[in-house]
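Down below is the structure, laid out as structure tokens.
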Amino acid sequence: MLSTEKSHSKREAIGFVKKVGSGGDQSGGAGSVGIGFLSTKSLNQGSDTKEYTLHHHFALDCVAIPKITISVMASISLPSICPSAALSFQDKCKEKTKSRSSSKSVFSVKTKSHGQITMAVAVNTSRFDNITMAPPDPILGVSEAFKADTSEMKLNLGVGAYRTEELQPYVLKVVKKAENLMLERGENKEYLPIEGLAAFNKATAELLFGADNPVLHQQRVATIQGLSGTGSLRVAAALIERYFPGAKVLISSPTWGNHKNIFNDARVPWSEYRYYDPKTVGLDFDGMVADIKAAPEGSFVLLHGCAHNPTGIDPTPEQWEKIADVIQEKNHIPFFDVAYQGFASGSLDEDASSVRMFAARGMELLVAQSYSKNLGLYAERIGAINVLCSSADAAVRVKSQLKRIARPMYSNPPVHGARIVANVVGNPDFFNEWKEEMEMMAGRIKSVRQKLYNNLSAKDKSGKDWSFVLKQIGMFSFTGLNKTQSDNMTDKWHVYMTKDGRISLAGLSSAKCEYLADAIIDSYHNVS
Amino acid sequence: MAIRTAITRRITSSSSGSILFNSRSMSSWWGNVQPAPKDPILGVTEAFLADPSPDKVNVGVGAYRDDNGKPVVLDCVREAERRIAGNLNMEYLPMGGSNKMVEETLKLAYGENSDLIKDKRIAAIQALSGTGACRIFADFQKRFSPVSQIYIPVPTWSNHHNIWRDANVPQRTFHYYHPESKGLDFALLMDDVKNAPNGSFFLLHACAHNPTGVDPTVEQWKEISYQFKVKGHFAFFDMAYQGFASGDPERDAKSIRIFLEDGHLIGCSQSYAKNMGLYGQRVGCLSLVCEDEKQAVAVKSQLQQLARPMYSNPPVHGALIVSTILSDPDLKQLWLKEVKGMADRIIGMRTSLRENIEKLGSPLSWEHITNQIGMFCYSGMTPEQVDRLTKEFHIYMTRNGRISMAGVTSGNVEYLAKAIHEVTKAA
């Protein structure tokens with residue numbers, strides 16, 4: 001009698017059970033094989049175990065049928081297991097299974113040892129048979145769906161990747177120059193140290209805090225190169241998990257979709273603070289402050305340094321001060337995600353002002369940076385995690401622990417993007433050129449915002465206030481559309497966006513503003 | 001809990017920004033953060049770089065050097081870079097990485113004409129070199145076989161332990177290195193395989209075992225594969241040196257091919273760090289053989305799901321180099337030639353080092369230097385002897401006695417032999 005585990009009770013358990021005699025078997029050791037063929041005909045419903053009748057038993061040796069637990073179905077290559085009986089047996093098996101399986105002619109079952117089983121069973125089964133399809137990523141999945149769409153009208157406002165007016169990806173001129181320089185120099189491809197390229201780490205911290213910031217002179221910042229924003233957040237999350245077990249991270253509602261995944265996989269608990277106010281399509285400042293205040297002392301507060309993703313709604317300077325007040329009051333630790341420095345206002349310094357203000361107050365904080373957007377280095381995966389500590393000694397120790405987390409994740413970070421950044425930031429001409437290109441990109445986004453707003457106001461006769469489009473900042477706009485309405489945008493208008501109502505203005509051209517306005521108005525008013 | 005005491009020690013601030021920096025300097029959130037120990041491998045290079053001695057020799061980290069002791073960028077790589085320069089697209093790769101690169105990479109491991117590839121039965125993603133591939137696998141193992149453990153050979157690359165530990169997968173060990181013979185402890189290895197519970201997960205080095213350089217023979221691999229079948233074990237191959245061991249990538253993949261012929265559904269980590277010299281680019285691949293295409297699609301989606309909250313999508317530059325080289329027959333030929341060249345130089349240095357030590361009249365046997373294969377030689381020296389090598393001779397290597405043969409040159413082999421003889425002759 002053979003039994004199965006409950007979890008697989010729904011499975012049609014047709015297969016071959018193969019047993020191999022082990023030491024204690026009378027037919028003598030490894031090499032004796034018994035094959036059985038089972039069917040579900042005699043399934044005993046409603047019990048924890050299912051019984052299967054062994055219909056056919058091709059015994060190659062006289063071997064008793066043991067109690068075997070069937071847990072997983074998978075396929076094996078029979079000839080490999082019973083070479084001597086392979087051919088004829090497989091033919092028999094093929095006949096039996098032809099009607100049941102599509103392409104597979106052989107099946108097997110994985111067995112588990114339950115202590116009572118004296119015979120070892122050899123099967124090459126897949127452990128991963130019960131693995132289901134993961135859901136498509138809500139953000140990256142949008143681009144995949146867009147690619148599959150054949151409509152001429154289609155518009156990709158999904159992922160936050162900058163596009164030119166011609167809706168082409170844009171490699172910054174200064175990046176090309178830096179790459180050519182690197183090519184000429186013919187640098188080697190040796191491993192970076194675990195903490196990454198030193199020149200990059202220096203440049204990135206200076207860019208963030210300002211080159212003459214006392215915190216840098218005092219060496220109070222632990223910086224390591226990370227795999228763009230995601231990788232930097234993940235390393236920081238692991239640091240939190242390790243040194244602040246049980247501490248929570250407060251994240252804004254809403255926030256970038258991957259934040260939750262990162263903290264989940266790092267096993268850091270999180271909860272949300274109010275952020276977006278659907279009534280005003282603006283900041284729920286009182287809610288935000290109240291929720292930060294209500295959190296247990298010593299929580300980490302995840303803040304978007306500028307150009308909040310997905311809403312585009314940033315606190316004003318006065319509101320930032322108040323947020324800093326309440327964080328200090330509650331002994332929380334600010335944790336900034338800075339993915340758009342330069343992209344919000346067009347000024348690198350201005351966009352770092354929230355971080356700098358907190359630092360100037362003497363607070364300890366964490367900052368994750370990304371160069372995906374502002375230097376267009378998306379696929380190079382270049383970013384950094386900075387931990388501003390109250391002493392240089394703490395910074396040294398923290399840096400060593402950040403390295404210890406990185407080593408078993410990827411050993412050392414990729415060099416190419418780091419060199420590009422170091423070359424751009426380190427060369428005054430390149431740096432100025434970069435600032436100009438930055439202003440140009442941010443400027444294009446501001447102008448499509450304006451145009452979109454103009455179209456919405458002109459075409460929508462309902463009197464709805466669309467000015468939030470202008471008030472929001474950065475690459476994204478939170479339209480206020482709900483999921484059904486967002487679906488309508490895609491299904492009817494072939495406008496691809498994330499289901500939370502976020503559109504990436506970086507993917508919008510001036511020419512398409514009118515079309516988009518029509519789509520938004522239709523979805524907002526005619527769909528609920 | 002402990003955190004709370006740390007917090008209560010903290011100086012509470014008054015509101016709005018007039019706090020002087022000095023008042024904060026006494027307390028920190030990070031008071032309980034201890035300095036981490038130096039990484040045993042990468043720490044060696046740090047120490048080497050800091051040494052001012054002109055005689056210093058770095059045989060620590062496994063990065064290939066030419067006969068002048070210089071890092072090498074392969075010609076095929078330089079050419080590939082020229083071709084991809086001015087690449088107008090730095091857009092995010094898909095979460096699973098470059099499909100083109102992955103396809104070419106699978107051919108290397110599984111065979112140019114592999115049915116598994118044709119039948120689309122392999123779930124594969126681009127990974128952050130070998131480390132990243134192992135880590136994603138370890139996380140995958142934790143998620144989908146939560147009660148499983150990993151059997152790791154003794155010794156192994158030290159980061160293997162870190163990887164499975166940080167993935168929260170409990171570790172067991174199996175016998176591998178036989179110190180007396182400086183070879184493989186095959187008998188105990190097989191015992192461990194037999195005694196492990198059915199269906200255990202094993203980490204195997206496909207070729208050029210790191211750090212010992214000791215590989216099973218083809219016959220031994222066949223026996224291991226058979227026993228794995230008997231026990232229903234899962235084989236995860238870490239292949240970081242394909243091409244580097246014998247000079248022939250096909251030959252170096254033999255262990256994997258044996259397991260595939262026997263029908264095992266294996267997992268595999270591949271790295272281009274050494275064999276294409278792309279160390280700092282972090283290019284590799286993680287693959288899992290599945291029952292059928294449908295399962296492979298599901299498994300791949302789950303691998304991506306693990307990658308997304310770790311780094312979102314992998315870096316493009318190295319992947320472009322790899323796919324440019326491997327999809328161009330001429331460049332691929334050039335690469336194969338260059339890999340063989342690197343492997344040959346190392347094999348030559350092994351012979352040279354052994355001869356030089358023997359010439360000095362060492363009482364010990366040094367045949368393991370030429371018996372072992374790949375980048376590393378497990379010299380058999382003790383940590384104390386290694387410390388002497390460093391202090392007295394400015395020779396840098398890991399304290400387990402592992403010599404990176406890639407760091408040995410015709411210029412330093414005599415000096416190295418002399419030093420080794422000096423510290424071992426009394427043994």
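Please note that chains go A, B, ... in the order of the structure tokens, that every chain numbers its residues from 1, and that ligands are numbered from 1 in the order shown.
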Margin query: as a PyMOL selection string, please: every residue in segment 159-406 of chain B that DSSP puts in strand (DSSP E).
Written below: chain B and resi 171-175+177-178+183-184+201-205+234-239+267-271+284-289+376-378+395-396+402-404
Residues near Phe259 of chain B, anyone? I mean within 10 Å using only C-alpha atoms, not counting same-chain ones fewer than 3 positions away, as a compact mmCIF listing (two decimals) with C-alpha atoms, in the first residue's frame.
```
# COMPACT_ATOMS: atom_id res chain seq x y z
CA TRP B 221 32.16 11.32 -10.95
CA LYS B 222 30.18 8.48 -12.47
CA ILE B 224 29.03 9.85 -7.36
CA SER B 225 26.29 10.41 -9.90
CA TYR B 226 25.04 6.87 -9.50
CA PHE B 228 23.12 10.43 -6.03
CA LYS B 229 20.48 8.65 -8.05
CA ALA B 235 23.20 18.24 -7.16
CA LYS B 254 32.32 16.63 -17.95
CA SER B 255 31.05 16.21 -14.41
CA ILE B 256 27.88 18.08 -15.25
CA ASP B 262 22.13 10.00 -15.74
CA GLY B 263 18.98 12.06 -15.76
CA HIS B 264 19.64 14.26 -12.76
CA LEU B 265 17.73 17.51 -12.61
CA ILE B 266 20.65 19.64 -11.53
```
Considering only C-alpha atoms, return as a tab-separated table (two decimals) with N, CA and C atoms, in the first residue's frame whatever protein or nucleic-acid residues lie within 10 Å of segment 382-388 of chain B, sequence-local ones (same chain, fewer than 2 positions apart) excluded.
```tsv
chain	number	residue	atom	x	y	z
B	379	SER	N	48.54	23.80	-0.85
B	379	SER	CA	49.92	23.42	-0.64
B	379	SER	C	50.12	22.45	0.53
B	380	GLY	N	49.19	22.47	1.48
B	380	GLY	CA	49.39	21.64	2.65
B	380	GLY	C	50.13	22.39	3.75
B	390	THR	N	54.42	35.31	4.85
B	390	THR	CA	54.03	36.70	4.73
B	390	THR	C	54.99	37.60	5.46
B	391	LYS	N	55.29	37.25	6.71
B	391	LYS	CA	56.13	38.15	7.50
B	391	LYS	C	57.56	38.19	6.98
B	392	GLU	N	58.11	37.03	6.67
B	392	GLU	CA	59.53	37.00	6.31
B	392	GLU	C	59.77	37.22	4.82
B	393	PHE	N	58.82	36.80	4.00
B	393	PHE	CA	59.09	36.84	2.57
B	393	PHE	C	58.11	37.74	1.79
B	394	HIS	N	57.17	38.35	2.47
B	394	HIS	CA	56.19	39.22	1.82
B	394	HIS	C	55.41	38.48	0.75
B	395	ILE	N	55.10	37.23	1.06
B	395	ILE	CA	54.28	36.45	0.14
B	395	ILE	C	52.88	36.36	0.72
B	396	TYR	N	51.89	36.76	-0.07
B	396	TYR	CA	50.53	36.86	0.43
B	396	TYR	C	49.65	35.76	-0.14
B	397	MET	N	49.04	35.01	0.76
B	397	MET	CA	48.12	33.96	0.36
B	397	MET	C	47.16	33.74	1.51
B	398	THR	N	46.13	32.98	1.28
B	398	THR	CA	45.17	32.74	2.36
B	398	THR	C	45.76	31.73	3.35
B	399	ARG	N	45.36	31.83	4.58
B	399	ARG	CA	46.01	31.07	5.64
B	399	ARG	C	45.74	29.57	5.60
B	400	ASN	N	44.85	29.17	4.71
B	400	ASN	CA	44.62	27.74	4.58
B	400	ASN	C	45.67	27.10	3.67
B	401	GLY	N	46.65	27.85	3.28
B	401	GLY	CA	47.72	27.30	2.48
B	401	GLY	C	47.42	27.26	0.99
B	402	ARG	N	46.36	27.96	0.61
B	402	ARG	CA	45.97	27.96	-0.80
B	402	ARG	C	46.83	28.95	-1.59
B	419	ALA	N	61.08	30.32	-0.73
B	419	ALA	CA	60.38	30.68	0.50
B	419	ALA	C	59.60	29.49	1.05
B	420	ILE	N	58.93	28.78	0.15
B	420	ILE	CA	58.13	27.63	0.60
B	420	ILE	C	59.05	26.57	1.19
B	422	GLU	N	61.91	27.06	2.56
B	422	GLU	CA	62.41	27.59	3.81
B	422	GLU	C	61.46	27.31	4.98
B	423	VAL	N	60.19	27.54	4.77
B	423	VAL	CA	59.26	27.40	5.90
B	423	VAL	C	58.77	25.97	6.09
B	424	THR	N	59.04	25.10	5.12
B	424	THR	CA	58.52	23.73	5.27
B	424	THR	C	59.62	22.70	5.51
B	427	ALA	N	59.60	20.68	8.57
B	427	ALA	CA	58.32	20.03	8.92
B	427	ALA	C	58.44	18.51	8.99
```
Checklist line | Surrounding residues of segment 338-355 of chain B excluding itself and chain neighbours under 3 positions, 6 Å, only C-alpha atoms, as a list in words | finding: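 Listing them by chain and then by number gives Phe244, Gly247, Trp335, Glu358, Lys359, Ile369, Thr370 and Val413 of chain B.
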Selected residues written out with C-alpha atoms, as a compact mmCIF listing (two decimals), in the first residue's frame:
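See part_30.txt below for the written result:
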```
# COMPACT_ATOMS: atom_id res chain seq x y z
CA PHE B 244 40.39 27.21 -16.77
CA GLY B 247 41.99 24.56 -21.10
CA TRP B 335 38.19 33.39 -26.65
CA GLU B 358 62.30 19.70 -5.55
CA LYS B 359 65.56 21.14 -6.89
CA ILE B 369 51.21 20.75 -7.13
CA THR B 370 50.97 19.13 -10.55
CA VAL B 413 58.56 31.22 -9.14
```
Checklist line | Distance query Gln270 of chain B at most 9 Å, only C-alpha atoms, self and fewer than 6 positions along chain excluded, as a PyMOL selection string | finding: chain B and resi 105-106+109+127+129-130+133+237-242+283-287
Next item on the list: Within 10 Å of segment 499-501 of chain A, counting only C-alpha atoms, which residues show up once you throw out same-chain ones fewer than 5 positions away? Write them as a list in words, please.
Entry: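 Residues near the query, excluding close chain neighbours: Pro138, Ile139, Val142, Gly158, Pro254, Gly257, Pro310, Thr311, Ser477, Phe478, Thr479, Gly480, Leu481, Asn482, Lys483, Thr484, Gln485, Ser486, Asp487, Met489 and Thr490 of chain A.
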Next item on the list: For segment 429-443 of chain A, work out the shell of residues within 7 Å, counting only C-alpha atoms and skipping chain neighbours fewer than 4 positions away, then give it as a PyMOL selection string.
Entry: chain A and resi 174+342-347+374+424-425+447
May I have the residues from that selection written out with N, CA, C and O atoms, as a PDB file, in the first residue's frame?
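Once everything was written out, this is again02.pdb:
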```pdb
ATOM      1  N   VAL A 174      27.353  63.111 -21.955  1.00  0.00           N
ATOM      2  CA  VAL A 174      28.504  63.095 -21.071  1.00  0.00           C
ATOM      3  C   VAL A 174      28.871  61.660 -20.686  1.00  0.00           C
ATOM      4  O   VAL A 174      30.034  61.341 -20.443  1.00  0.00           O
ATOM      5  N   GLY A 342      18.421  65.674  -8.835  1.00  0.00           N
ATOM      6  CA  GLY A 342      18.649  66.421 -10.070  1.00  0.00           C
ATOM      7  C   GLY A 342      17.440  66.374 -10.972  1.00  0.00           C
ATOM      8  O   GLY A 342      17.201  67.267 -11.775  1.00  0.00           O
ATOM      9  N   PHE A 343      16.637  65.307 -10.818  1.00  0.00           N
ATOM     10  CA  PHE A 343      15.527  65.118 -11.722  1.00  0.00           C
ATOM     11  C   PHE A 343      14.276  65.866 -11.301  1.00  0.00           C
ATOM     12  O   PHE A 343      13.371  66.077 -12.090  1.00  0.00           O
ATOM     13  N   ALA A 344      14.248  66.235 -10.009  1.00  0.00           N
ATOM     14  CA  ALA A 344      13.024  66.869  -9.518  1.00  0.00           C
ATOM     15  C   ALA A 344      12.983  68.322  -9.974  1.00  0.00           C
ATOM     16  O   ALA A 344      12.173  68.714 -10.801  1.00  0.00           O
ATOM     17  N   SER A 345      13.927  69.089  -9.432  1.00  0.00           N
ATOM     18  CA  SER A 345      13.921  70.515  -9.764  1.00  0.00           C
ATOM     19  C   SER A 345      14.823  70.834 -10.939  1.00  0.00           C
ATOM     20  O   SER A 345      14.728  71.911 -11.525  1.00  0.00           O
ATOM     21  N   GLY A 346      15.724  69.918 -11.263  1.00  0.00           N
ATOM     22  CA  GLY A 346      16.731  70.225 -12.269  1.00  0.00           C
ATOM     23  C   GLY A 346      18.047  70.597 -11.618  1.00  0.00           C
ATOM     24  O   GLY A 346      19.081  70.651 -12.275  1.00  0.00           O
ATOM     25  N   SER A 347      18.032  70.830 -10.315  1.00  0.00           N
ATOM     26  CA  SER A 347      19.257  71.194  -9.606  1.00  0.00           C
ATOM     27  C   SER A 347      19.666  70.081  -8.645  1.00  0.00           C
ATOM     28  O   SER A 347      18.886  69.681  -7.775  1.00  0.00           O
ATOM     29  N   ASN A 374      19.175  59.822 -13.142  1.00  0.00           N
ATOM     30  CA  ASN A 374      19.819  61.105 -13.383  1.00  0.00           C
ATOM     31  C   ASN A 374      21.040  61.016 -14.275  1.00  0.00           C
ATOM     32  O   ASN A 374      21.431  62.002 -14.896  1.00  0.00           O
ATOM     33  N   VAL A 424      32.486  61.197 -14.587  1.00  0.00           N
ATOM     34  CA  VAL A 424      31.631  62.356 -14.844  1.00  0.00           C
ATOM     35  C   VAL A 424      31.712  63.353 -13.700  1.00  0.00           C
ATOM     36  O   VAL A 424      31.904  64.557 -13.900  1.00  0.00           O
ATOM     37  N   VAL A 425      31.589  62.861 -12.485  1.00  0.00           N
ATOM     38  CA  VAL A 425      31.564  63.765 -11.337  1.00  0.00           C
ATOM     39  C   VAL A 425      32.945  64.326 -11.051  1.00  0.00           C
ATOM     40  O   VAL A 425      33.097  65.455 -10.585  1.00  0.00           O
ATOM     41  N   SER A 447       7.898  70.674 -18.994  1.00  0.00           N
ATOM     42  CA  SER A 447       7.099  71.227 -20.090  1.00  0.00           C
ATOM     43  C   SER A 447       5.972  70.289 -20.499  1.00  0.00           C
ATOM     44  O   SER A 447       4.881  70.741 -20.853  1.00  0.00           O
TER      45      SER A 447
END
```
